[in-house]
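J.: Below is final.cif; it holds mmCIF, C-alpha atoms.
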data_entry
loop_
_atom_site.label_atom_id
_atom_site.label_comp_id
_atom_site.auth_asym_id
_atom_site.auth_seq_id
_atom_site.Cartn_x
_atom_site.Cartn_y
_atom_site.Cartn_z
CA MET A 1 0.00 0.00 0.00
CA ALA A 2 1.31 3.43 -0.94
CA ASN A 3 2.50 5.53 1.96
CA ASP A 4 0.62 8.83 1.90
CA GLY A 5 2.59 10.43 4.69
CA GLY A 6 -0.07 10.64 7.40
CA PRO A 7 -0.73 8.30 10.31
CA THR A 8 -1.07 4.60 9.42
CA ALA A 9 -4.30 2.65 9.57
CA GLY A 10 -3.44 1.18 12.96
CA GLU A 11 -2.57 4.57 14.40
CA ARG A 12 -5.81 6.05 13.07
CA PHE A 13 -7.80 3.21 14.62
CA ILE A 14 -6.18 3.51 18.07
CA ARG A 15 -6.26 7.30 18.14
CA GLY A 16 -10.00 7.42 17.49
CA ILE A 17 -10.81 5.31 20.54
CA ILE A 18 -9.03 7.08 23.40
CA PRO A 19 -6.18 9.51 22.59
CA GLU A 20 -8.37 11.52 20.18
CA ASN A 21 -11.78 10.41 21.41
CA PRO A 22 -14.34 12.54 19.56
CA VAL A 23 -16.33 13.36 22.69
CA TYR A 24 -13.76 13.44 25.49
CA ARG A 25 -10.74 14.85 23.64
CA GLN A 26 -12.19 16.79 20.72
CA LEU A 27 -15.56 17.82 22.20
CA LEU A 28 -17.30 17.03 18.91
CA GLY A 29 -20.77 15.55 18.47
CA MET A 30 -22.11 17.26 21.59
CA CYS A 31 -25.70 17.39 20.31
CA PRO A 32 -26.31 13.61 20.27
CA THR A 33 -24.03 13.23 23.31
CA LEU A 34 -26.37 15.39 25.37
CA ALA A 35 -29.69 14.68 23.69
CA VAL A 36 -29.98 10.91 23.27
CA THR A 37 -28.07 9.55 26.26
CA GLY A 38 -31.11 9.23 28.54
CA ASN A 39 -31.03 5.46 28.07
CA LEU A 40 -28.53 2.99 26.67
CA GLN A 41 -30.78 1.65 23.92
CA ALA A 42 -31.22 5.07 22.33
CA ALA A 43 -27.53 5.91 22.81
CA MET A 44 -26.36 2.69 21.18
CA THR A 45 -28.80 3.07 18.27
CA MET A 46 -27.44 6.56 17.73
CA ALA A 47 -23.86 5.26 17.94
CA GLY A 48 -24.66 2.56 15.38
CA ALA A 49 -26.35 4.99 12.99
CA THR A 50 -23.45 7.43 13.31
CA ALA A 51 -20.92 4.63 12.75
CA PHE A 52 -22.71 3.56 9.55
CA VAL A 53 -22.74 7.12 8.21
CA LEU A 54 -19.13 7.80 9.24
CA PHE A 55 -17.85 4.58 7.70
CA CYS A 56 -19.67 5.04 4.38
CA ALA A 57 -18.82 8.75 4.18
CA ASN A 58 -15.13 8.13 4.94
CA VAL A 59 -14.80 5.33 2.40
CA LEU A 60 -16.62 7.20 -0.36
CA THR A 61 -14.75 10.44 0.30
CA SER A 62 -11.45 8.60 0.22
CA LEU A 63 -12.39 6.94 -3.10
CA ILE A 64 -13.08 10.29 -4.77
CA ARG A 65 -10.34 12.23 -2.97
CA GLY A 66 -8.33 12.67 -6.18
CA LEU A 67 -11.24 14.45 -7.85
CA LEU A 68 -12.05 16.93 -5.07
CA LYS A 69 -11.71 20.64 -5.81
CA PRO A 70 -10.45 22.43 -2.68
CA HIS A 71 -13.18 25.07 -2.62
CA LEU A 72 -15.97 22.56 -3.25
CA ARG A 73 -14.83 19.85 -0.86
CA ILE A 74 -17.09 20.81 2.08
CA LEU A 75 -20.05 20.79 -0.27
CA VAL A 76 -19.17 17.30 -1.42
CA PHE A 77 -18.68 16.08 2.18
CA THR A 78 -22.08 17.42 3.17
CA LEU A 79 -23.71 15.84 0.13
CA VAL A 80 -22.16 12.46 0.91
CA ILE A 81 -23.07 12.61 4.61
CA ALA A 82 -26.64 13.79 3.97
CA THR A 83 -27.21 10.89 1.58
CA PHE A 84 -26.11 8.23 4.06
CA VAL A 85 -28.00 9.87 6.92
CA THR A 86 -31.20 9.79 4.85
CA ILE A 87 -30.61 6.12 4.12
CA VAL A 88 -30.02 5.24 7.78
CA ASP A 89 -33.09 7.26 8.79
CA ARG A 90 -35.29 5.27 6.40
CA ILE A 91 -33.76 1.99 7.57
CA LEU A 92 -34.51 2.84 11.20
CA GLN A 93 -38.09 3.76 10.31
CA ALA A 94 -38.51 0.48 8.46
CA TYR A 95 -36.87 -1.92 10.92
CA LEU A 96 -36.74 -0.13 14.32
CA TYR A 97 -39.92 1.96 14.16
CA GLN A 98 -40.33 2.53 17.92
CA MET A 99 -36.70 3.57 18.29
CA SER A 100 -36.85 5.92 15.32
CA GLN A 101 -39.92 7.56 16.92
CA GLN A 102 -37.96 7.96 20.15
CA LEU A 103 -34.86 9.43 18.47
CA GLY A 104 -37.07 11.79 16.45
CA PRO A 105 -35.14 14.65 14.88
CA TYR A 106 -31.76 13.51 16.20
CA VAL A 107 -31.26 11.01 13.37
CA PRO A 108 -31.53 13.63 10.58
CA LEU A 109 -29.33 15.86 12.76
CA ILE A 110 -26.42 13.42 12.27
CA ILE A 111 -25.90 15.40 9.03
CA VAL A 112 -24.56 18.34 11.03
CA ASN A 113 -22.46 16.22 13.41
CA CYS A 114 -19.04 17.89 13.08
CA MET A 115 -17.37 14.66 14.11
CA ILE A 116 -18.15 13.12 10.72
CA ILE A 117 -17.23 16.11 8.57
CA SER A 118 -14.00 16.50 10.54
CA ARG A 119 -13.02 12.88 9.76
CA CYS A 120 -13.72 13.50 6.05
CA GLU A 121 -11.60 16.64 6.17
CA ILE A 122 -8.73 15.40 8.34
CA CYS A 123 -8.41 11.81 7.20
CA ALA A 124 -10.57 10.55 4.33
CA SER A 125 -9.89 13.36 1.85
CA LYS A 126 -6.13 12.83 2.25
CA GLN A 127 -5.59 9.14 2.91
CA SER A 128 -6.20 5.76 1.30
CA VAL A 129 -9.49 3.88 1.56
CA PHE A 130 -8.07 1.36 4.01
CA ARG A 131 -6.82 4.05 6.37
CA ALA A 132 -10.04 6.03 6.07
CA ALA A 133 -12.03 2.90 6.89
CA SER A 134 -9.98 2.01 9.95
CA ASP A 135 -10.15 5.66 11.05
CA ALA A 136 -13.94 5.49 10.80
CA VAL A 137 -14.11 2.27 12.82
CA GLY A 138 -11.80 3.66 15.52
CA VAL A 139 -13.63 6.96 15.85
CA SER A 140 -17.03 5.19 15.83
CA LEU A 141 -15.89 2.92 18.65
CA GLY A 142 -14.63 5.92 20.59
CA PHE A 143 -17.97 7.67 20.04
CA ALA A 144 -19.96 4.59 21.09
CA LEU A 145 -17.87 4.18 24.26
CA ALA A 146 -18.32 7.85 25.10
CA LEU A 147 -22.11 7.71 24.60
CA ALA A 148 -22.31 4.51 26.68
CA SER A 149 -20.25 6.08 29.48
CA ILE A 150 -22.78 8.92 29.71
CA ALA A 151 -25.96 6.93 29.08
CA ALA A 152 -25.20 4.18 31.60
CA PRO A 153 -25.04 6.37 34.74
CA ARG A 154 -28.00 8.46 33.53
CA GLU A 155 -30.23 5.44 32.96
CA LEU A 156 -29.02 3.73 36.13
CA LEU A 157 -29.65 6.69 38.43
CA GLY A 158 -32.66 8.15 36.60
CA ASP A 159 -34.56 4.97 35.85
CA GLY A 160 -32.81 2.29 37.93
CA ALA A 161 -32.23 0.27 34.76
CA LEU A 162 -29.68 -0.63 32.08
CA PHE A 163 -30.86 -1.28 28.50
CA GLY A 164 -34.41 -1.07 29.85
CA PHE A 165 -33.93 -3.90 32.40
CA ALA A 166 -34.40 -2.91 36.04
CA VAL A 167 -31.16 -3.59 37.91
CA MET A 168 -31.37 -1.31 40.93
CA PRO A 169 -33.26 -2.36 44.08
CA GLU A 170 -36.85 -1.08 44.22
CA ALA A 171 -36.08 0.98 47.32
CA MET A 172 -33.51 3.07 45.47
CA PRO A 173 -35.04 6.48 44.64
CA GLN A 174 -35.04 7.42 40.95
CA TRP A 175 -33.41 10.76 40.24
CA VAL A 176 -35.60 12.07 37.45
CA ILE A 177 -33.18 14.96 36.94
CA MET A 178 -30.66 12.51 35.49
CA LEU A 179 -33.04 11.87 32.58
CA LEU A 180 -33.63 15.59 32.00
CA PRO A 181 -31.23 17.92 30.14
CA PRO A 182 -29.50 19.06 33.39
CA GLY A 183 -28.59 15.41 34.09
CA ALA A 184 -26.91 15.21 30.69
CA PHE A 185 -24.83 18.33 31.32
CA ILE A 186 -23.89 17.32 34.87
CA THR A 187 -22.85 13.80 33.82
CA LEU A 188 -20.88 15.04 30.82
CA GLY A 189 -19.17 17.74 32.92
CA LEU A 190 -18.13 15.35 35.67
CA LEU A 191 -16.89 12.72 33.20
CA LEU A 192 -14.99 15.31 31.11
CA GLY A 193 -13.38 16.67 34.26
CA GLY A 194 -12.46 13.13 35.34
CA ALA A 195 -11.02 12.26 31.91
CA ASN A 196 -8.93 15.43 31.87
CA TRP A 197 -7.69 14.83 35.40
CA ILE A 198 -6.62 11.27 34.55
CA GLY A 199 -4.96 12.48 31.33
CA GLN A 200 -3.01 15.18 33.17
CA SER A 201 -1.84 12.95 35.99
CA LEU A 202 -0.68 10.36 33.44
CA ASN A 203 1.28 13.08 31.60
CA ARG A 204 2.82 14.28 34.84
CA ARG A 205 3.90 10.77 35.79
CA LYS A 206 5.38 10.32 32.32
CA ALA A 207 7.29 13.61 32.62
CA ALA A 208 8.54 12.65 36.09
CA THR A 209 9.94 9.31 34.90
CA GLU A 210 11.72 10.80 31.89
CA MET B 1 -17.18 30.39 -19.07
CA ALA B 2 -19.78 27.62 -19.05
CA ALA B 3 -17.07 25.07 -19.72
CA ASN B 4 -15.11 26.39 -16.76
CA VAL B 5 -18.09 26.14 -14.45
CA LEU B 6 -18.67 22.56 -15.54
CA LYS B 7 -15.01 21.75 -15.04
CA GLN B 8 -15.27 22.98 -11.48
CA ALA B 9 -18.59 21.52 -10.54
CA TRP B 10 -19.01 18.31 -12.53
CA LEU B 11 -18.22 16.14 -9.53
CA VAL B 12 -20.91 17.79 -7.42
CA LEU B 13 -23.44 17.42 -10.24
CA VAL B 14 -22.59 13.76 -10.87
CA LEU B 15 -22.70 12.95 -7.15
CA ALA B 16 -26.01 14.75 -6.71
CA VAL B 17 -27.59 12.74 -9.54
CA CYS B 18 -26.16 9.42 -8.30
CA PHE B 19 -27.21 10.08 -4.69
CA GLY B 20 -30.65 11.17 -5.81
CA ALA B 21 -31.08 7.92 -7.69
CA ALA B 22 -29.78 5.88 -4.74
CA LEU B 23 -32.17 7.60 -2.34
CA ALA B 24 -35.08 7.06 -4.71
CA GLY B 25 -34.18 3.36 -4.73
CA VAL B 26 -34.03 3.18 -0.93
CA HIS B 27 -37.34 5.02 -0.70
CA VAL B 28 -39.10 2.70 -3.13
CA GLY B 29 -37.64 -0.33 -1.36
CA LEU B 30 -38.45 0.66 2.21
CA SER B 31 -41.56 2.85 2.09
CA PRO B 32 -44.08 -0.06 2.03
CA ARG B 33 -42.50 -1.34 5.24
CA ILE B 34 -42.49 2.11 6.85
CA GLU B 35 -46.14 2.63 5.87
CA ALA B 36 -46.99 -0.79 7.34
CA ASN B 37 -45.26 0.22 10.60
CA ARG B 38 -47.30 3.43 10.77
CA ARG B 39 -50.56 1.53 10.15
CA ALA B 40 -49.64 -1.17 12.65
CA ALA B 41 -49.05 1.45 15.36
CA ILE B 42 -52.74 2.44 15.00
CA TYR B 43 -54.42 -0.86 14.14
CA ASP B 44 -52.61 -2.82 16.88
CA ALA B 45 -54.00 -0.41 19.49
CA ILE B 46 -57.64 -0.76 18.40
CA PRO B 47 -58.28 -4.16 20.11
CA VAL B 48 -56.80 -2.74 23.32
CA LEU B 49 -59.18 0.24 23.26
CA VAL B 50 -62.33 -1.55 22.09
CA GLU B 51 -62.63 -4.95 23.72
CA GLY B 52 -63.16 -7.80 21.30
CA ALA B 53 -62.38 -5.74 18.22
CA VAL B 54 -60.07 -7.01 15.50
CA GLY B 55 -57.51 -4.47 14.34
CA GLU B 56 -57.51 -5.34 10.63
CA LYS B 57 -61.31 -5.18 10.42
CA ALA B 58 -61.40 -1.52 11.51
CA GLU B 59 -62.62 0.95 8.95
CA GLN B 60 -61.36 4.51 8.75
CA ILE B 61 -63.99 7.25 8.28
CA GLU B 62 -64.49 10.99 8.77
CA LEU B 63 -66.85 11.91 11.58
CA GLY B 64 -67.44 15.33 13.13
CA GLY B 65 -64.34 16.60 11.31
CA ARG B 66 -62.21 13.92 13.02
CA ARG B 67 -60.44 10.83 11.80
CA VAL B 68 -62.37 7.95 13.33
CA TYR B 69 -62.06 4.17 13.08
CA ARG B 70 -65.14 1.97 13.29
CA ALA B 71 -64.11 -1.08 15.31
CA TYR B 72 -65.59 -4.45 14.31
CA ASP B 73 -65.14 -7.92 15.76
CA ALA B 74 -64.30 -10.99 13.68
CA GLU B 75 -68.00 -11.43 12.73
CA GLN B 76 -68.28 -7.84 11.42
CA ARG B 77 -70.33 -6.74 14.43
CA HIS B 78 -69.83 -3.04 15.10
CA LEU B 79 -68.42 -2.73 18.64
CA GLY B 80 -67.26 0.83 19.09
CA TRP B 81 -65.26 3.76 17.83
CA VAL B 82 -61.64 4.88 18.00
CA ILE B 83 -60.81 8.55 17.45
CA GLN B 84 -57.36 9.71 16.30
CA ALA B 85 -56.70 13.22 17.63
CA SER B 86 -53.71 15.42 18.36
CA GLY B 87 -52.85 18.68 20.09
CA ASP B 88 -49.96 20.65 21.53
CA GLY B 89 -48.17 19.06 24.47
CA PHE B 90 -45.45 20.60 26.63
CA VAL B 91 -42.60 19.81 24.22
CA ASP B 92 -44.18 18.84 20.92
CA GLU B 93 -47.38 17.50 19.42
CA VAL B 94 -49.17 14.75 21.34
CA GLU B 95 -51.17 12.29 19.25
CA LEU B 96 -53.76 10.05 20.87
CA LEU B 97 -56.20 7.28 20.06
CA ILE B 98 -59.40 7.47 22.11
CA GLY B 99 -61.77 4.51 22.36
CA LEU B 100 -65.57 5.04 22.62
CA ASP B 101 -68.28 2.46 23.17
CA LEU B 102 -70.92 1.82 20.50
CA GLU B 103 -73.43 4.39 21.82
CA ALA B 104 -70.65 6.94 22.32
CA GLU B 105 -71.68 7.18 25.98
CA ARG B 106 -68.41 6.13 27.61
CA ILE B 107 -64.71 6.40 26.93
CA THR B 108 -63.23 2.91 26.84
CA GLY B 109 -59.57 3.93 27.02
CA ILE B 110 -56.83 6.09 25.53
CA HIS B 111 -53.56 5.22 23.81
CA VAL B 112 -50.62 7.53 23.11
CA LEU B 113 -49.46 7.24 19.49
CA GLN B 114 -46.80 9.90 19.56
CA GLN B 115 -45.30 12.21 22.18
CA SER B 116 -41.97 13.80 23.06
CA GLU B 117 -42.85 14.93 26.58
CA THR B 118 -40.14 15.16 29.26
CA PRO B 119 -38.88 11.70 30.31
CA GLY B 120 -39.77 10.96 33.92
CA LEU B 121 -42.42 13.70 34.06
CA GLY B 122 -44.71 14.42 31.11
CA ALA B 123 -43.87 11.10 29.49
CA GLY B 124 -45.97 9.65 32.32
CA ILE B 125 -49.00 10.17 30.04
CA THR B 126 -47.97 6.92 28.32
CA GLU B 127 -48.09 4.90 31.58
CA GLN B 128 -50.91 2.40 31.67
CA ASP B 129 -51.87 3.28 35.26
CA TRP B 130 -52.42 6.87 34.29
CA ARG B 131 -54.21 6.21 31.01
CA GLU B 132 -56.59 3.73 32.66
CA GLN B 133 -58.19 6.56 34.60
CA PHE B 134 -59.87 7.70 31.38
CA ALA B 135 -61.59 4.34 30.85
CA GLY B 136 -65.20 4.44 31.95
CA ALA B 137 -65.52 8.23 31.87
CA GLU B 138 -68.87 9.48 30.58
CA ALA B 139 -68.58 10.96 27.12
CA GLU B 140 -71.47 13.37 27.75
CA ARG B 141 -69.47 15.65 30.06
CA PRO B 142 -65.81 16.65 29.94
CA VAL B 143 -63.06 14.90 31.89
CA ARG B 144 -61.67 16.99 34.77
CA LEU B 145 -58.19 16.96 36.26
CA VAL B 146 -57.88 16.75 40.03
CA SER B 147 -54.80 16.95 42.21
CA GLU B 148 -55.69 14.08 44.53
CA ARG B 149 -56.77 10.53 44.02
CA PRO B 150 -60.09 10.82 42.17
CA ASP B 151 -63.23 9.23 43.58
CA GLU B 152 -65.70 9.97 40.79
CA PRO B 153 -65.79 8.96 37.14
CA ASN B 154 -64.62 11.68 34.76
CA GLU B 155 -61.93 12.67 37.25
CA VAL B 156 -58.29 12.08 36.40
CA GLU B 157 -55.37 12.68 38.71
CA ALA B 158 -52.96 15.14 37.08
CA ILE B 159 -49.33 13.98 36.91
CA THR B 160 -47.21 15.74 39.52
CA GLY B 161 -44.71 18.02 37.82
CA ALA B 162 -46.40 17.60 34.45
CA THR B 163 -49.51 19.75 34.65
CA VAL B 164 -49.15 20.98 31.08
CA SER B 165 -48.86 17.47 29.64
CA SER B 166 -51.87 16.31 31.69
CA GLU B 167 -53.93 19.31 30.60
CA SER B 168 -52.94 18.76 27.01
CA VAL B 169 -54.21 15.17 27.06
CA ARG B 170 -57.41 16.29 28.85
CA ASP B 171 -58.07 18.96 26.22
CA ILE B 172 -57.41 16.65 23.27
CA VAL B 173 -59.72 13.99 24.74
CA ASN B 174 -62.53 16.40 25.65
CA ALA B 175 -62.55 18.19 22.30
CA ALA B 176 -62.36 15.02 20.22
CA VAL B 177 -64.97 13.12 22.25
CA ALA B 178 -67.42 16.05 22.15
CA ASP B 179 -67.11 16.39 18.35
CA VAL B 180 -67.45 12.71 17.59
CA ARG B 181 -70.21 12.02 20.12
CA GLU B 182 -72.28 14.83 18.64
CA ALA B 183 -71.71 13.50 15.11
CA ILE B 184 -72.62 9.93 16.12
CA HIS B 185 -75.81 11.02 17.89
CA ALA B 186 -76.78 13.33 15.02
CA GLY B 187 -76.22 10.41 12.64
CA GLU B 188 -78.36 8.10 14.79
CA SER B 189 -81.30 10.48 15.05
CA ALA B 190 -81.08 11.14 11.30
CA ALA B 191 -81.12 7.39 10.70
CA GLN B 192 -84.12 6.98 13.03
CA GLY B 193 -85.91 9.86 11.33
CA GLY B 194 -85.26 8.20 7.99
CA ASN B 195 -86.76 4.92 9.28
CA GLY B 196 -89.79 6.79 10.56
CA ASP B 197 -90.46 8.31 7.15
CA GLY B 198 -90.30 4.92 5.56
CA GLN B 199 -92.89 3.37 7.84
#
Kindly return the structure encoded in the file as structure tokens.
T.:
Amino acid sequence: MANDGGPTAGERFIRGIIPENPVYRQLLGMCPTLAVTGNLQAAMTMAGATAFVLFCANVLTSLIRGLLKPHLRILVFTLVIATFVTIVDRILQAYLYQMSQQLGPYVPLIIVNCMIISRCEICASKQSVFRAASDAVGVSLGFALALASIAAPRELLGDGALFGFAVMPEAMPQWVIMLLPPGAFITLGLLLGGANWIGQSLNRRKAATE
Amino acid sequence: MAANVLKQAWLVLVLAVCFGAALAGVHVGLSPRIEANRRAAIYDAIPVLVEGAVGEKAEQIELGGRRVYRAYDAEQRHLGWVIQASGDGFVDEVELLIGLDLEAERITGIHVLQQSETPGLGAGITEQDWREQFAGAEAERPVRLVSERPDEPNEVEAITGATVSSESVRDIVNAAVADVREAIHAGESAAQGGNGDGQ
């Protein structure tokens, strides 16, 4: 495979999961991160839909990267993304009707998820199909993990359940606020703070040992 | 000039045409299934609202300016009515199905088709315990919301912290039931009058 200078497929894959996690490190895709993490089922459906769009958009963009005109590239990215989002929206309506009703406008809103357009811009429009594909898989996994990490505590504390199955004892009070928008912001804030704190203390330890 | 524009934009044009064709294909392939899902959401609820009715037998009509389903059992006996009605909720539109008995004297139940009310608060309108309070209410007079456990028919306990959602459901039910009941009774007396003339 021709070397195109940038990070290799393996590096792209690993970076997307933790070192450049779209939610925790890049703060991209905040709209679905806050809006559909009230329960794990919705969060994982959103992660799956986003992964499908990201993978298809990255692969297609990489295939046509030689033909892109610099000043028209964003237009082409948006066109590609919008097409796959429309397809995934119809598929959800056909095969997961209840879930598509629950996600409502947030499926079409994947079109404006900066996470996807940033992968097209940073990786797919410059690198080979294989690298773009592994980048998409890595970033999608990172996004799914991030959504799960926010949805799990919200559903557990707000509804006493995980994936819709009750797991908390009946006596445990349900904190409705965790299911409401403030719960999303509080959870995201605490987890972001925690992730940054861990990242910094790891860096400090690394610097101390060098 | 035109040649230059084409040279710049041909990729966008070609992609737009290809994507348009692909989306048309997806639409043609999936829309029967999506339509079936939408129908099933309504027709599956009809037997729950009108006891003994068979969903597929129901017949959609216009009555009192409302979309109404005549509910039949397996032997084509007319058992009751189901009204489809919507109104503004707290967040977005709330769409309901309301069951009525054959004489349009009592509400037999309500079902929430679509809502985006607040989880944990307004979304309580979908809970069976709450919806059951509407069953048995007299259609002649409006349903009232009360703040404590109701002891009369036509009284429904409002959901704590979700007054707007509760009121929205009350208003949708009252308006729809009044319209349809009037239309059914007007239709009956017209039918009786017609019989009288014939005798």
J.: Taking the file as shown, what set of residues would the PyMOL selection byres ((chain A) within 6 of (chain B)) give back, as a PDB file with C-alpha atoms, keeping the file's coordinate frame?
T.:
ATOM      1  CA  GLN A  93     -38.090   3.760  10.310  1.00  0.00           C
ATOM      2  CA  ALA A  94     -38.510   0.480   8.460  1.00  0.00           C
ATOM      3  CA  VAL A 176     -35.600  12.070  37.450  1.00  0.00           C
TER       4      VAL A 176
END
J.: Within 10 Å of range 194-207 of chain A, counting all atoms listed in the file, which residues qualify if same-chain residues fewer than 4 places away don't, as a ChimeraX atom specification?
T.: /A:19,24-25,188-190
J.: A:Val23, A:Ala9, A:Met115, A:Cys123: which is nearest Asn58 in chain A, counting all atoms listed in the file?
T.: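 For Asn58 in chain A, the nearest of the candidates is A:Cys123.
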J.: For a cut-off of 6 Å around (-24.5, 14.7, 27.4), file coordinates, pick out all residues using all atoms listed in the file and list them as a ChimeraX atom specification.
T.: /A:33-34,184-185,188
J.: Please measure the separation of CA of Ala166 in chain A and CA of Asn39 in chain A, giving the value in Å to one decimal.
T.: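 Going from CA of Ala166 in chain A over to CA of Asn39 in chain A, I get 12.0 Å.
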J.: Provide the CA of Ala175 in chain B to CA of Gly104 in chain A distance in Å, to one decimal place.
T.: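 CA of Gly104 in chain A lies 26.9 Å from CA of Ala175 in chain B.
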J.: Report, as JSON, the axis-aligned box around all atoms of range 122-128 of chain B present in the file, extended by 3 Å on each side; give centre and edge lengths in Å to one decimal place.
T.:
{"center_x": -47.4, "center_y": 8.4, "center_z": 30.3, "size_x": 13.0, "size_y": 18.0, "size_z": 10.0}
J.: Using the chain letters and numbers from this file, what does the PyMOL selection byres ((chain B and resi 109) around 9) select? Give the answer as a VMD selection string.
T.: chain B and resid 48 to 50 97 to 100 107 to 108 110 to 111 131 to 137
J.: Excluding range 69-80 of chain B and its own-chain neighbours fewer than 2 positions away, which residues fall within 12 Å of it when counting all atoms listed in the file? Please give them as a PyMOL selection string.
T.: chain B and resi 42-63+66-67+82-85+97-109+180-181+184
J.: Any chance you could work out the residue set of the PyMOL selection byres ((chain A and resi 162) around 9) here, as a JSON list (two decimals) with C-alpha atoms, in the frame of the given file?
T.:
[["chain", "number", "residue", "atom", "x", "y", "z"],
["A", 39, "ASN", "CA", -31.03, 5.46, 28.07],
["A", 40, "LEU", "CA", -28.53, 2.99, 26.67],
["A", 41, "GLN", "CA", -30.78, 1.65, 23.92],
["A", 151, "ALA", "CA", -25.96, 6.93, 29.08],
["A", 152, "ALA", "CA", -25.20, 4.18, 31.60],
["A", 153, "PRO", "CA", -25.04, 6.37, 34.74],
["A", 155, "GLU", "CA", -30.23, 5.44, 32.96],
["A", 156, "LEU", "CA", -29.02, 3.73, 36.13],
["A", 159, "ASP", "CA", -34.56, 4.97, 35.85],
["A", 160, "GLY", "CA", -32.81, 2.29, 37.93],
["A", 161, "ALA", "CA", -32.23, 0.27, 34.76],
["A", 163, "PHE", "CA", -30.86, -1.28, 28.50],
["A", 164, "GLY", "CA", -34.41, -1.07, 29.85],
["A", 165, "PHE", "CA", -33.93, -3.90, 32.40],
["A", 166, "ALA", "CA", -34.40, -2.91, 36.04],
["A", 167, "VAL", "CA", -31.16, -3.59, 37.91]]
